[in-house]
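Chemist: There's a structure below that I have some questions on.
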Amino acid sequence: MRNALILSAVLLLAAPAFAADQPPPTPPPSQIPHGSKDYTTAPAGDYNLDKNHVGVIARVSHLGFSISIFRFGDVDGKLTWDPAAPEKSALSVTVKTASIETNVPKFAEELAGPKYLNAPAFPDATFVSTRFVKTDATHGKVTGNFTLKGKTKPVTFDVTLIGAGAFFGGHNIGIHAEGMIDPQDYDMGPFFKEPIQLVIDTEFSHKG
């Protein structure tokens, strides 16, 4: 019994030394921000389109056989956001028509040329909002003037909130939007006759 007590005392005295030899506990990893479905978590202000997180897709009928996907890589824009009154918000977006991309070799250059988009004469396609309508907590409609090849027509996009909230010293709003245009309104030639679906996925960022 006496030997057992002595051993216990030695172990207790040595425990701090053993503990000191162990590495300190690993602190928890920094919390990574994620967007929420609450648009009010993004405060009012001017937001710039995040060029690192944007996709502008045109879904075009391939003569009625399939849907061809064209992507535009050079996009810029600004969102003036008011979560207290979304209907007072405003949006403007510019797409460089020469930035079109396709799977078909050299077809992008042809599409950007005089026969179709005529990017040298009309380098920008633009959308400027005229109306925001909230339909529910995560959906709305944004109507505005869409200009392509110098011709302007009204277009309405169905918009879905993907996420909003604080993001590394600022705030982000991420959306998915879909709208339709008639290529004949913009003198796109006989190859493009059926309506073209425009699909946009992007984030808008506000610093501060």
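Scheme for the structure tokens: letters A, B, ... for chains in order shown; per-chain residue numbers from 1; ligand numbers from 1 in order shown.
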Write out, as JSON lines, each residue of region 128-183 of chain A that has an atom at most 9 Å from region 85-106 of chain A, together with the closest pair of atoms and their distance in Å to one decimal, counting only C-alpha atoms, rows going by chain and rising number.
Modeler:
```
{"residue": "A:Val128", "atom": "CA", "partner": "A:Ser92", "partner_atom": "CA", "distance": 4.5}
{"residue": "A:Ser129", "atom": "CA", "partner": "A:Leu91", "partner_atom": "CA", "distance": 5.3}
{"residue": "A:Thr130", "atom": "CA", "partner": "A:Ala90", "partner_atom": "CA", "distance": 7.4}
{"residue": "A:Arg131", "atom": "CA", "partner": "A:Glu87", "partner_atom": "CA", "distance": 6.8}
{"residue": "A:Phe132", "atom": "CA", "partner": "A:Glu87", "partner_atom": "CA", "distance": 4.7}
{"residue": "A:Val133", "atom": "CA", "partner": "A:Glu87", "partner_atom": "CA", "distance": 5.8}
{"residue": "A:Lys134", "atom": "CA", "partner": "A:Pro86", "partner_atom": "CA", "distance": 7.0}
{"residue": "A:Val142", "atom": "CA", "partner": "A:Leu91", "partner_atom": "CA", "distance": 8.7}
{"residue": "A:Gly144", "atom": "CA", "partner": "A:Leu91", "partner_atom": "CA", "distance": 8.7}
{"residue": "A:Leu148", "atom": "CA", "partner": "A:Thr97", "partner_atom": "CA", "distance": 8.8}
```
Chemist: Generate the output file for the selected residues, N, CA and C atoms, as a PDB file, in the first residue's frame.
Modeler:
```
ATOM      1  N   VAL A 128     -29.967  48.033 -68.634  1.00  0.00           N
ATOM      2  CA  VAL A 128     -30.173  49.059 -67.607  1.00  0.00           C
ATOM      3  C   VAL A 128     -31.580  48.877 -67.056  1.00  0.00           C
ATOM      4  N   SER A 129     -31.666  48.622 -65.769  1.00  0.00           N
ATOM      5  CA  SER A 129     -32.962  48.306 -65.170  1.00  0.00           C
ATOM      6  C   SER A 129     -33.877  49.524 -65.137  1.00  0.00           C
ATOM      7  N   THR A 130     -35.167  49.234 -65.220  1.00  0.00           N
ATOM      8  CA  THR A 130     -36.204  50.258 -65.049  1.00  0.00           C
ATOM      9  C   THR A 130     -37.169  49.902 -63.928  1.00  0.00           C
ATOM     10  N   ARG A 131     -37.154  48.624 -63.499  1.00  0.00           N
ATOM     11  CA  ARG A 131     -38.114  48.201 -62.479  1.00  0.00           C
ATOM     12  C   ARG A 131     -37.632  46.945 -61.764  1.00  0.00           C
ATOM     13  N   PHE A 132     -37.704  46.953 -60.442  1.00  0.00           N
ATOM     14  CA  PHE A 132     -37.467  45.782 -59.590  1.00  0.00           C
ATOM     15  C   PHE A 132     -38.789  45.389 -58.944  1.00  0.00           C
ATOM     16  N   VAL A 133     -39.134  44.104 -59.001  1.00  0.00           N
ATOM     17  CA  VAL A 133     -40.359  43.607 -58.353  1.00  0.00           C
ATOM     18  C   VAL A 133     -40.000  42.374 -57.530  1.00  0.00           C
ATOM     19  N   LYS A 134     -40.243  42.439 -56.233  1.00  0.00           N
ATOM     20  CA  LYS A 134     -40.044  41.279 -55.359  1.00  0.00           C
ATOM     21  C   LYS A 134     -41.283  40.397 -55.431  1.00  0.00           C
ATOM     22  N   VAL A 142     -36.688  41.610 -62.655  1.00  0.00           N
ATOM     23  CA  VAL A 142     -36.023  42.881 -62.976  1.00  0.00           C
ATOM     24  C   VAL A 142     -36.242  43.158 -64.454  1.00  0.00           C
ATOM     25  N   GLY A 144     -35.832  45.872 -67.688  1.00  0.00           N
ATOM     26  CA  GLY A 144     -34.983  46.973 -68.102  1.00  0.00           C
ATOM     27  C   GLY A 144     -34.842  47.037 -69.601  1.00  0.00           C
ATOM     28  N   LEU A 148     -28.502  45.876 -77.941  1.00  0.00           N
ATOM     29  CA  LEU A 148     -27.570  45.040 -78.688  1.00  0.00           C
ATOM     30  C   LEU A 148     -27.541  45.546 -80.123  1.00  0.00           C
TER      31      LEU A 148
END
```
Chemist: Can you pull out the residues contacting Gln197 (chain A)? Cut-off 7 Å, using only C-alpha atoms, and skip same-chain residues under 4 positions away; I want them as a list in words.
Modeler: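 The residues that qualify are Ala58, Arg59, Val60, Glu178, Gly179, Met180 and Ile181 of chain A.
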Chemist: Please return as a ChimeraX atom specification: the residues of chain A that backbone DSSP assigns to strand (DSSP E or B).
Modeler: /A:36,45-61,67-72,75-81,90-96,100-101,124-136,139-148,151-167,170-181,196-207
Chemist: Apply DSSP to the structure's backbone, then extract all residues of region 1-161 of chain A labelled helix (DSSP H, G or I) and return them as a PyMOL selection string.
Modeler: chain A and resi 2-21+39-41+86-88+97-99+107-112
Chemist: Would you please work out which residue, of A:Pro190, A:Lys37, A:Ala125, A:Tyr116, is nearest to Val56 (chain A) when using only C-alpha atoms?
Modeler: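 Looking only at the distances to Val56 (chain A), the closest residue turns out to be A:Ala125.
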Chemist: Of the residues A:Tyr39, A:His206, A:Gly77, A:Pro154, which is the one nearest to His139 (chain A), using only C-alpha atoms?
Modeler: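 Selected residue with least distance to His139 (chain A): A:Tyr39.
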Chemist: Tell me which of A:Asp182, A:His171, A:Glu194, A:His176 sits closest to Pro33 (chain A), counting only C-alpha atoms.
Modeler: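 When distances to Pro33 (chain A) are compared using only C-alpha atoms, the smallest one comes from A:His171.
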Chemist: So, counting only C-alpha atoms, which residue among A:Gly64, A:Ile69, A:Ala119, A:Ile173 is closest to Ala44 (chain A)?
Modeler: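 Answer, going by the shortest atom-to-atom distance: A:Ile173.
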Chemist: Residues at most 10 Å from Thr135 (chain A), counting only C-alpha atoms, excluding those fewer than 5 positions away in the same chain, as a list in words?
Modeler: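 Everything that qualifies: Gly140, Lys141, Asp158 and Val159 of chain A.
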Chemist: With a distance cut-off of 12 Å and only C-alpha atoms, select the neighbouring residues of Gln31 (chain A), excluding the residue or stretch itself and same-chain residues fewer than 6 positions from it, and output the selection as a ChimeraX atom specification.
Modeler: /A:166-168
Chemist: Counting only C-alpha atoms, which residue out of A:Leu63, A:Ala164, A:Val54, A:Leu49 sits closest to Asp76 (chain A)?
Modeler: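 Looking only at the distances to Asp76 (chain A), the closest residue turns out to be A:Leu49.
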Chemist: So, counting only C-alpha atoms, which residue among A:Asp82, A:Ala42, A:Val75, A:Leu111 is closest to Ile57 (chain A)?
Modeler: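 Answer, going by the shortest atom-to-atom distance: A:Val75.
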Chemist: Report as a ChimeraX atom specification all protein, DNA and RNA residues lying within 8 Å of Tyr186 (chain A), evaluated on only C-alpha atoms, omitting residues in the same chain fewer than 2 positions from it.
Modeler: /A:148-149,151,182-184,188
